[in-house]
Amino acid sequence: MTTKHPDPAAGAAVKAADRAHVFHSWSAQGLIDPLPVAGAEGSYFWDYDGNRYLDFSSQLVNTNIGHQHPKVVAAIQEQAGKLCTLAPGFAVDVRSEAARLIAERTPGDLDKIFFTNGGAEAVENAVRMARLHTGRAKVLSTYRSYHGATAAAINLTGDPRRWPSDTASAGVVHFWGPFLYRSPFHAENEAQECERALAHLEATVAFEGPQSIAAIILETVPGTAGIMVPPPGYLAGVREICDRYGIVFILDEVMAGFGRTGRWFAADHFDVTPDLLTFAKGVNSGYVPLGGVAISAEIAATFDQRPYPGGLTYSGHPLACASAVATLNAMAEERIVENAAEIGEKVIGPALREIAERHPSVGEVRGLGVFWALDLVRNKETREPLVPYNAGGADNAPMAEFAAACKSRGLWPFVNMNRTHVVPACTVTEAEAKEGLAALDEALKVADAHTV
């Protein structure tokens, strides 16, 4: 598919400037080849050569309302003309309204909102609040998780991105969360996986000393690590353990929140209310950097007479908050959360299960709403991953070839380790979803060639 008015010379200039001056995250700088992007709209973006891509990654799973939503763009423009910035200590109409709209949608009594610039800072502050509230130091988090790249958040993370920064002195203890397809508990069904995962967590708490544990933090539905939907009863079980030992329960909804799973928050699927809930990404689809912590009444009360020792110059930035207000209102008015649920249930889920039957490389399909993963394998019987854990270079060739096959068909995938995630915008139409699924179906033939 192509767009109008290609301009390869402009694209070459953008790329040259990038390579000369931009230092990219998570990358060996001399080995990357960033695509110059000329524009984006809705579920698509395009390059300067006129190639258009259906964005099945939602960039970093954050453009929940798609690219360039006119109501949000207009709100940012209007706010810029009125008041671009103001320090966090002042009361500002759009900041107050953004906090009200978020609190209106969070579960339970999470009615106070502390604004940050993104998800990692939200996690940093949630952990700080938990430690100050409890007077304890340790925080428990799972393997197969991602919580951000700042100091505490990267240590909480349970994937290889943590390794270069892990000093083993951050007060973090990792444990295994439930994941039936690759169960560390030798479970045969979801009920066993839930029971054994909770027993494992209970034992971890006991041996670490519950009186030393400030918080347990979980992604409600782990995102980058593989979109592993927890079994029924697991999150309620974690809630009970936290209540029994006076441990703060933090749910990280940075990726799963604001419609991604077909509910405002993924916690809504499980009828569980945490003490702290972190958010970012979908709160305004990343149009302006924004994140935050939704805080329970009990933890908020800790800081009624005691200063909270944390803050950011751009906390509750007016442009960011204006974009959040417009985003949340548009999502409600246009039934975007409901669309995500319906597309997932009626289109994406059934199609992916059919695709799995046709392709020997697809070991498992899992997900909710517009939040799905295909676990790619070399062998369906043994469940051997298509590429080794944390593969790079030649070892990762099968996944690199698969990703290239997607892009050659006009589909921009989200690929991590041996998985591809199907995470389009919550606004994706049935026709767009089917277009992307057809391209994915074809590209998987490349992965099939590496099966045994």
# chains A, B, ... in the order shown; residues from 1 in each chain; ligands from 1

$ closest_atom_pairs --of "stretch 279-337 of chain A" --to "stretch 127-142 of chain A" --cutoff "10 Å" --atoms "only C-alpha atoms" --output "CSV"
residue,atom,partner,partner_atom,distance
A:Val293,CA,A:Met129,CA,9.8
A:Ile295,CA,A:Met129,CA,9.2
A:Glu298,CA,A:His133,CA,9.1
A:Ile299,CA,A:His133,CA,6.4
A:Ala300,CA,A:Met129,CA,8.9
A:Ala301,CA,A:His133,CA,9.4
A:Thr302,CA,A:His133,CA,6.3
A:Phe303,CA,A:His133,CA,8.6
A:Tyr308,CA,A:Met129,CA,8.0
A:Pro309,CA,A:Arg128,CA,8.7
A:Gly310,CA,A:Arg128,CA,8.4

$ write_last_selection --atoms "C-alpha atoms" --output "PDB file, in the first residue's frame"
ATOM      1  CA  VAL A 293      -0.241   6.693  40.420  1.00  0.00           C
ATOM      2  CA  ILE A 295      -3.707   6.111  45.402  1.00  0.00           C
ATOM      3  CA  GLU A 298      -5.457   4.803  53.406  1.00  0.00           C
ATOM      4  CA  ILE A 299      -2.128   5.457  51.697  1.00  0.00           C
ATOM      5  CA  ALA A 300      -3.093   9.017  50.761  1.00  0.00           C
ATOM      6  CA  ALA A 301      -3.870   9.656  54.439  1.00  0.00           C
ATOM      7  CA  THR A 302      -0.276   8.751  55.352  1.00  0.00           C
ATOM      8  CA  PHE A 303       0.761  12.020  53.751  1.00  0.00           C
ATOM      9  CA  TYR A 308       5.424  13.259  50.529  1.00  0.00           C
ATOM     10  CA  PRO A 309       9.137  13.365  49.565  1.00  0.00           C
ATOM     11  CA  GLY A 310       8.771  13.186  45.824  1.00  0.00           C
TER      12      GLY A 310
END

$ select_by_dssp --residues "stretch 24-163 of chain A" --states "alpha helix (DSSP H)" --output "VMD selection string"
chain A and resid 58 to 61 70 to 82 93 to 105 119 to 134 151 to 156

$ residues_around --residues "stretch 315-327 of chain A" --least-positions-apart "4" --cutoff "9 Å" --atoms "only C-alpha atoms" --output "PyMOL selection string"
chain A and resi 65+69+71-80+83-88+92-99+101-102+114-117+282-292+311+331-332

$ atom_distance --atom1 "atom CA of A:Ala215" --atom2 "atom CA of A:Asp275"
9.6 Å

$ residues_around --residues "A:Phe265" --least-positions-apart "5" --cutoff "10 Å" --atoms "only C-alpha atoms" --output "VMD selection string"
chain A and resid 105 to 107 220 253 to 260 270 277 279 337

$ write_last_selection --atoms "all heavy atoms" --output "short mmCIF file (atom, residue, chain, number, x, y, z; two decimals), in the first residue's frame"
data_model
loop_
_atom_site.label_atom_id
_atom_site.label_comp_id
_atom_site.auth_asym_id
_atom_site.auth_seq_id
_atom_site.Cartn_x
_atom_site.Cartn_y
_atom_site.Cartn_z
N ARG A 105 -12.69 6.36 36.94
CA ARG A 105 -12.62 5.08 36.25
C ARG A 105 -11.81 4.02 36.99
O ARG A 105 -11.92 2.84 36.69
CB ARG A 105 -12.05 5.30 34.85
CG ARG A 105 -13.03 6.02 33.94
CD ARG A 105 -12.36 6.67 32.73
NE ARG A 105 -13.36 7.18 31.79
CZ ARG A 105 -14.01 8.32 31.94
NH1 ARG A 105 -13.77 9.09 32.99
NH2 ARG A 105 -14.91 8.70 31.05
N THR A 106 -10.98 4.43 37.93
CA THR A 106 -10.17 3.45 38.66
C THR A 106 -11.05 2.65 39.62
O THR A 106 -12.09 3.13 40.07
CB THR A 106 -9.06 4.14 39.47
OG1 THR A 106 -9.65 5.17 40.28
CG2 THR A 106 -8.01 4.74 38.56
N PRO A 107 -10.66 1.42 39.93
CA PRO A 107 -11.47 0.61 40.84
C PRO A 107 -11.40 1.10 42.27
O PRO A 107 -10.44 1.77 42.68
CB PRO A 107 -10.84 -0.79 40.71
CG PRO A 107 -9.44 -0.54 40.25
CD PRO A 107 -9.49 0.69 39.41
N THR A 220 -1.07 -6.30 35.91
CA THR A 220 -2.36 -7.00 35.99
C THR A 220 -2.42 -8.09 34.93
O THR A 220 -2.78 -9.23 35.22
CB THR A 220 -3.51 -6.00 35.81
OG1 THR A 220 -3.28 -4.86 36.64
CG2 THR A 220 -4.84 -6.64 36.18
N GLU A 253 -0.64 -0.98 35.59
CA GLU A 253 -1.55 -0.97 34.44
C GLU A 253 -1.05 -0.02 33.36
O GLU A 253 -1.82 0.48 32.54
CB GLU A 253 -2.95 -0.56 34.89
CG GLU A 253 -3.62 -1.56 35.81
CD GLU A 253 -4.79 -2.29 35.15
OE1 GLU A 253 -5.05 -2.06 33.95
OE2 GLU A 253 -5.44 -3.10 35.84
N VAL A 254 0.27 0.21 33.34
CA VAL A 254 0.84 1.13 32.36
C VAL A 254 0.48 0.70 30.94
O VAL A 254 0.09 1.52 30.11
CB VAL A 254 2.36 1.25 32.55
CG1 VAL A 254 3.01 1.98 31.38
CG2 VAL A 254 2.68 1.97 33.86
N MET A 255 0.60 -0.60 30.65
CA MET A 255 0.29 -1.09 29.32
C MET A 255 -1.13 -1.61 29.21
O MET A 255 -1.80 -1.44 28.19
CB MET A 255 1.28 -2.19 28.91
CG MET A 255 1.15 -2.63 27.46
SD MET A 255 2.44 -3.79 26.94
CE MET A 255 3.85 -2.68 26.73
N ALA A 256 -1.64 -2.24 30.26
CA ALA A 256 -2.93 -2.91 30.19
C ALA A 256 -4.11 -1.97 30.39
O ALA A 256 -5.25 -2.35 30.09
CB ALA A 256 -2.99 -4.04 31.22
N GLY A 257 -3.87 -0.77 30.89
CA GLY A 257 -4.97 0.14 31.24
C GLY A 257 -5.56 0.91 30.07
O GLY A 257 -5.06 0.88 28.96
N PHE A 258 -6.66 1.58 30.37
CA PHE A 258 -7.33 2.49 29.45
C PHE A 258 -7.75 1.81 28.15
O PHE A 258 -7.40 2.23 27.05
CB PHE A 258 -6.49 3.74 29.21
CG PHE A 258 -6.33 4.57 30.45
CD1 PHE A 258 -5.16 4.53 31.19
CD2 PHE A 258 -7.39 5.34 30.92
CE1 PHE A 258 -5.03 5.26 32.36
CE2 PHE A 258 -7.26 6.06 32.10
CZ PHE A 258 -6.09 6.03 32.82
N GLY A 259 -8.52 0.73 28.32
CA GLY A 259 -9.19 0.12 27.18
C GLY A 259 -8.46 -1.01 26.52
O GLY A 259 -9.06 -1.76 25.73
N ARG A 260 -7.21 -1.20 26.80
CA ARG A 260 -6.40 -2.18 26.07
C ARG A 260 -6.97 -3.59 26.16
O ARG A 260 -6.95 -4.35 25.19
CB ARG A 260 -4.97 -2.12 26.61
CG ARG A 260 -3.97 -3.09 26.04
CD ARG A 260 -3.81 -3.05 24.55
NE ARG A 260 -3.51 -1.75 23.98
CZ ARG A 260 -3.44 -1.53 22.67
NH1 ARG A 260 -3.65 -2.51 21.81
NH2 ARG A 260 -3.17 -0.33 22.20
N PHE A 270 -11.12 -8.84 36.94
CA PHE A 270 -10.85 -9.76 38.04
C PHE A 270 -11.47 -9.30 39.36
O PHE A 270 -11.28 -9.95 40.38
CB PHE A 270 -9.34 -9.94 38.20
CG PHE A 270 -8.66 -10.34 36.91
CD1 PHE A 270 -7.97 -9.40 36.14
CD2 PHE A 270 -8.75 -11.64 36.45
CE1 PHE A 270 -7.36 -9.75 34.95
CE2 PHE A 270 -8.15 -12.01 35.25
CZ PHE A 270 -7.46 -11.07 34.49
N LEU A 277 -2.19 1.96 41.95
CA LEU A 277 -2.29 1.54 40.55
C LEU A 277 -1.50 2.51 39.70
O LEU A 277 -1.72 3.73 39.77
CB LEU A 277 -3.77 1.51 40.12
CG LEU A 277 -4.09 1.02 38.71
CD1 LEU A 277 -5.48 0.36 38.68
CD2 LEU A 277 -4.07 2.17 37.69
N PHE A 279 -0.20 3.98 36.00
CA PHE A 279 -0.73 4.11 34.64
C PHE A 279 0.15 5.04 33.83
O PHE A 279 0.95 5.80 34.36
CB PHE A 279 -2.19 4.62 34.66
CG PHE A 279 -2.34 6.01 35.22
CD1 PHE A 279 -2.20 7.13 34.42
CD2 PHE A 279 -2.62 6.21 36.57
CE1 PHE A 279 -2.34 8.41 34.92
CE2 PHE A 279 -2.76 7.49 37.09
CZ PHE A 279 -2.62 8.59 36.27
N VAL A 337 -13.58 1.80 24.34
CA VAL A 337 -13.31 0.64 25.19
C VAL A 337 -14.19 -0.53 24.75
O VAL A 337 -13.73 -1.67 24.64
CB VAL A 337 -13.53 0.97 26.68
CG1 VAL A 337 -13.30 -0.26 27.55
CG2 VAL A 337 -12.60 2.11 27.11
#

$ residues_around --residues "A:Asn339" --least-positions-apart "6" --cutoff "8 Å" --atoms "only C-alpha atoms" --output "list of chain:residue names"
A:Gly262, A:Cys426, A:Thr427, A:Val428

$ closest_residue --among "A:Ala425, A:Leu440, A:Ala297, A:Leu180" --to "A:Lys112" --atoms "only C-alpha atoms"
A:Ala297

$ residues_around --residues "A:Cys406" --least-positions-apart "4" --cutoff "8 Å" --atoms "only C-alpha atoms" --output "list in words"
Phe402, Gly410, Leu411, Trp412, Pro413, Ala439, Leu440 and Ala443 of chain A

$ residues_around --residues "A:Pro388" --least-positions-apart "4" --cutoff "12 Å" --atoms "only C-alpha atoms" --output "ChimeraX atom specification"
/A:376-378,383-384,392-399,416-419

$ closest_residue --among "A:Ala433, A:Ile113, A:Ile216, A:Ala438" --to "A:Val172" --atoms "only C-alpha atoms"
A:Ile216

$ closest_residue --among "A:Met228, A:Ala151, A:Leu276, A:Ala340" --to "A:Ile250" --atoms "only C-alpha atoms"
A:Leu276

$ closest_residue --among "A:Asn329, A:Val221, A:Asp448, A:Glu208" --to "A:Ala356" --atoms "only C-alpha atoms"
A:Asp448

$ atom_distance --atom1 "atom CA of A:Ala126" --atom2 "atom CA of A:Thr278"
7.2 Å

$ decode --residues "stretch 390-422 of chain A" --atoms "N, CA, C and O atoms" --output "PDB file, in the first residue's frame"
ATOM      1  N   ASN A 390      16.058 -14.732  25.052  1.00  0.00           N
ATOM      2  CA  ASN A 390      16.949 -13.579  24.899  1.00  0.00           C
ATOM      3  C   ASN A 390      17.914 -13.740  23.723  1.00  0.00           C
ATOM      4  O   ASN A 390      19.060 -13.287  23.773  1.00  0.00           O
ATOM      5  N   ALA A 391      17.456 -14.378  22.653  1.00  0.00           N
ATOM      6  CA  ALA A 391      18.313 -14.628  21.487  1.00  0.00           C
ATOM      7  C   ALA A 391      18.703 -13.324  20.805  1.00  0.00           C
ATOM      8  O   ALA A 391      17.957 -12.345  20.795  1.00  0.00           O
ATOM      9  N   GLY A 392      19.883 -13.350  20.203  1.00  0.00           N
ATOM     10  CA  GLY A 392      20.356 -12.228  19.405  1.00  0.00           C
ATOM     11  C   GLY A 392      21.108 -12.741  18.199  1.00  0.00           C
ATOM     12  O   GLY A 392      21.443 -13.931  18.108  1.00  0.00           O
ATOM     13  N   GLY A 393      21.377 -11.850  17.247  1.00  0.00           N
ATOM     14  CA  GLY A 393      22.169 -12.224  16.084  1.00  0.00           C
ATOM     15  C   GLY A 393      21.567 -13.370  15.309  1.00  0.00           C
ATOM     16  O   GLY A 393      20.356 -13.429  15.075  1.00  0.00           O
ATOM     17  N   ALA A 394      22.410 -14.321  14.918  1.00  0.00           N
ATOM     18  CA  ALA A 394      21.965 -15.443  14.096  1.00  0.00           C
ATOM     19  C   ALA A 394      20.929 -16.301  14.816  1.00  0.00           C
ATOM     20  O   ALA A 394      20.034 -16.868  14.177  1.00  0.00           O
ATOM     21  N   ASP A 395      21.022 -16.396  16.145  1.00  0.00           N
ATOM     22  CA  ASP A 395      20.065 -17.202  16.903  1.00  0.00           C
ATOM     23  C   ASP A 395      18.641 -16.664  16.769  1.00  0.00           C
ATOM     24  O   ASP A 395      17.664 -17.409  16.911  1.00  0.00           O
ATOM     25  N   ASN A 396      18.543 -15.361  16.535  1.00  0.00           N
ATOM     26  CA  ASN A 396      17.224 -14.725  16.443  1.00  0.00           C
ATOM     27  C   ASN A 396      16.713 -14.635  15.004  1.00  0.00           C
ATOM     28  O   ASN A 396      15.665 -14.039  14.750  1.00  0.00           O
ATOM     29  N   ALA A 397      17.431 -15.231  14.060  1.00  0.00           N
ATOM     30  CA  ALA A 397      17.092 -15.087  12.643  1.00  0.00           C
ATOM     31  C   ALA A 397      15.648 -15.465  12.320  1.00  0.00           C
ATOM     32  O   ALA A 397      14.986 -14.754  11.542  1.00  0.00           O
ATOM     33  N   PRO A 398      15.084 -16.548  12.859  1.00  0.00           N
ATOM     34  CA  PRO A 398      13.698 -16.878  12.515  1.00  0.00           C
ATOM     35  C   PRO A 398      12.706 -15.765  12.844  1.00  0.00           C
ATOM     36  O   PRO A 398      11.802 -15.474  12.056  1.00  0.00           O
ATOM     37  N   MET A 399      12.876 -15.131  14.007  1.00  0.00           N
ATOM     38  CA  MET A 399      11.960 -14.038  14.365  1.00  0.00           C
ATOM     39  C   MET A 399      12.231 -12.798  13.525  1.00  0.00           C
ATOM     40  O   MET A 399      11.292 -12.078  13.146  1.00  0.00           O
ATOM     41  N   ALA A 400      13.494 -12.531  13.214  1.00  0.00           N
ATOM     42  CA  ALA A 400      13.823 -11.390  12.351  1.00  0.00           C
ATOM     43  C   ALA A 400      13.228 -11.575  10.967  1.00  0.00           C
ATOM     44  O   ALA A 400      12.693 -10.628  10.363  1.00  0.00           O
ATOM     45  N   GLU A 401      13.288 -12.785  10.443  1.00  0.00           N
ATOM     46  CA  GLU A 401      12.713 -13.069   9.125  1.00  0.00           C
ATOM     47  C   GLU A 401      11.196 -12.918   9.162  1.00  0.00           C
ATOM     48  O   GLU A 401      10.590 -12.386   8.220  1.00  0.00           O
ATOM     49  N   PHE A 402      10.589 -13.385  10.227  1.00  0.00           N
ATOM     50  CA  PHE A 402       9.141 -13.244  10.371  1.00  0.00           C
ATOM     51  C   PHE A 402       8.739 -11.768  10.408  1.00  0.00           C
ATOM     52  O   PHE A 402       7.794 -11.342   9.730  1.00  0.00           O
ATOM     53  N   ALA A 403       9.457 -10.971  11.198  1.00  0.00           N
ATOM     54  CA  ALA A 403       9.145  -9.541  11.296  1.00  0.00           C
ATOM     55  C   ALA A 403       9.291  -8.859   9.943  1.00  0.00           C
ATOM     56  O   ALA A 403       8.457  -8.026   9.546  1.00  0.00           O
ATOM     57  N   ALA A 404      10.342  -9.211   9.210  1.00  0.00           N
ATOM     58  CA  ALA A 404      10.543  -8.628   7.873  1.00  0.00           C
ATOM     59  C   ALA A 404       9.412  -9.023   6.939  1.00  0.00           C
ATOM     60  O   ALA A 404       8.967  -8.211   6.107  1.00  0.00           O
ATOM     61  N   ALA A 405       8.919 -10.251   7.066  1.00  0.00           N
ATOM     62  CA  ALA A 405       7.811 -10.703   6.224  1.00  0.00           C
ATOM     63  C   ALA A 405       6.545  -9.916   6.529  1.00  0.00           C
ATOM     64  O   ALA A 405       5.761  -9.592   5.622  1.00  0.00           O
ATOM     65  N   CYS A 406       6.325  -9.593   7.794  1.00  0.00           N
ATOM     66  CA  CYS A 406       5.173  -8.752   8.155  1.00  0.00           C
ATOM     67  C   CYS A 406       5.285  -7.379   7.505  1.00  0.00           C
ATOM     68  O   CYS A 406       4.330  -6.886   6.868  1.00  0.00           O
ATOM     69  N   LYS A 407       6.448  -6.760   7.641  1.00  0.00           N
ATOM     70  CA  LYS A 407       6.628  -5.402   7.130  1.00  0.00           C
ATOM     71  C   LYS A 407       6.507  -5.358   5.608  1.00  0.00           C
ATOM     72  O   LYS A 407       5.980  -4.394   5.045  1.00  0.00           O
ATOM     73  N   SER A 408       6.987  -6.401   4.947  1.00  0.00           N
ATOM     74  CA  SER A 408       6.885  -6.431   3.480  1.00  0.00           C
ATOM     75  C   SER A 408       5.441  -6.521   3.024  1.00  0.00           C
ATOM     76  O   SER A 408       5.124  -6.209   1.874  1.00  0.00           O
ATOM     77  N   ARG A 409       4.549  -6.929   3.930  1.00  0.00           N
ATOM     78  CA  ARG A 409       3.121  -7.028   3.623  1.00  0.00           C
ATOM     79  C   ARG A 409       2.340  -5.846   4.183  1.00  0.00           C
ATOM     80  O   ARG A 409       1.116  -5.886   4.269  1.00  0.00           O
ATOM     81  N   GLY A 410       3.043  -4.796   4.603  1.00  0.00           N
ATOM     82  CA  GLY A 410       2.379  -3.589   5.084  1.00  0.00           C
ATOM     83  C   GLY A 410       1.873  -3.690   6.508  1.00  0.00           C
ATOM     84  O   GLY A 410       1.004  -2.917   6.906  1.00  0.00           O
ATOM     85  N   LEU A 411       2.423  -4.612   7.289  1.00  0.00           N
ATOM     86  CA  LEU A 411       2.007  -4.796   8.677  1.00  0.00           C
ATOM     87  C   LEU A 411       3.202  -4.513   9.581  1.00  0.00           C
ATOM     88  O   LEU A 411       4.269  -5.107   9.409  1.00  0.00           O
ATOM     89  N   TRP A 412       3.027  -3.621  10.556  1.00  0.00           N
ATOM     90  CA  TRP A 412       4.104  -3.347  11.506  1.00  0.00           C
ATOM     91  C   TRP A 412       3.828  -4.148  12.763  1.00  0.00           C
ATOM     92  O   TRP A 412       2.892  -3.867  13.506  1.00  0.00           O
ATOM     93  N   PRO A 413       4.688  -5.167  13.052  1.00  0.00           N
ATOM     94  CA  PRO A 413       4.398  -6.067  14.171  1.00  0.00           C
ATOM     95  C   PRO A 413       5.051  -5.615  15.462  1.00  0.00           C
ATOM     96  O   PRO A 413       5.968  -4.795  15.464  1.00  0.00           O
ATOM     97  N   PHE A 414       4.588  -6.180  16.563  1.00  0.00           N
ATOM     98  CA  PHE A 414       5.268  -6.060  17.852  1.00  0.00           C
ATOM     99  C   PHE A 414       5.884  -7.426  18.131  1.00  0.00           C
ATOM    100  O   PHE A 414       5.160  -8.403  18.365  1.00  0.00           O
ATOM    101  N   VAL A 415       7.201  -7.506  18.085  1.00  0.00           N
ATOM    102  CA  VAL A 415       7.897  -8.776  18.230  1.00  0.00           C
ATOM    103  C   VAL A 415       8.799  -8.703  19.448  1.00  0.00           C
ATOM    104  O   VAL A 415       9.541  -7.738  19.628  1.00  0.00           O
ATOM    105  N   ASN A 416       8.726  -9.714  20.306  1.00  0.00           N
ATOM    106  CA  ASN A 416       9.608  -9.794  21.470  1.00  0.00           C
ATOM    107  C   ASN A 416       9.943 -11.254  21.737  1.00  0.00           C
ATOM    108  O   ASN A 416       9.062 -12.086  21.908  1.00  0.00           O
ATOM    109  N   MET A 417      11.252 -11.547  21.724  1.00  0.00           N
ATOM    110  CA  MET A 417      11.741 -12.909  21.918  1.00  0.00           C
ATOM    111  C   MET A 417      11.059 -13.840  20.916  1.00  0.00           C
ATOM    112  O   MET A 417      11.152 -13.618  19.719  1.00  0.00           O
ATOM    113  N   ASN A 418      10.350 -14.884  21.397  1.00  0.00           N
ATOM    114  CA  ASN A 418       9.739 -15.837  20.472  1.00  0.00           C
ATOM    115  C   ASN A 418       8.255 -15.556  20.255  1.00  0.00           C
ATOM    116  O   ASN A 418       7.500 -16.438  19.853  1.00  0.00           O
ATOM    117  N   ARG A 419       7.846 -14.321  20.482  1.00  0.00           N
ATOM    118  CA  ARG A 419       6.423 -14.003  20.383  1.00  0.00           C
ATOM    119  C   ARG A 419       6.178 -12.848  19.420  1.00  0.00           C
ATOM    120  O   ARG A 419       7.027 -11.969  19.252  1.00  0.00           O
ATOM    121  N   THR A 420       4.987 -12.860  18.844  1.00  0.00           N
ATOM    122  CA  THR A 420       4.486 -11.656  18.181  1.00  0.00           C
ATOM    123  C   THR A 420       3.184 -11.281  18.863  1.00  0.00           C
ATOM    124  O   THR A 420       2.361 -12.151  19.175  1.00  0.00           O
ATOM    125  N   HIS A 421       3.034 -10.005  19.161  1.00  0.00           N
ATOM    126  CA  HIS A 421       1.849  -9.530  19.858  1.00  0.00           C
ATOM    127  C   HIS A 421       0.929  -8.815  18.872  1.00  0.00           C
ATOM    128  O   HIS A 421       1.397  -8.065  18.013  1.00  0.00           O
ATOM    129  N   VAL A 422      -0.350  -9.058  19.005  1.00  0.00           N
ATOM    130  CA  VAL A 422      -1.355  -8.396  18.172  1.00  0.00           C
ATOM    131  C   VAL A 422      -1.999  -7.337  19.052  1.00  0.00           C
ATOM    132  O   VAL A 422      -2.876  -7.617  19.868  1.00  0.00           O
TER     133      VAL A 422
END
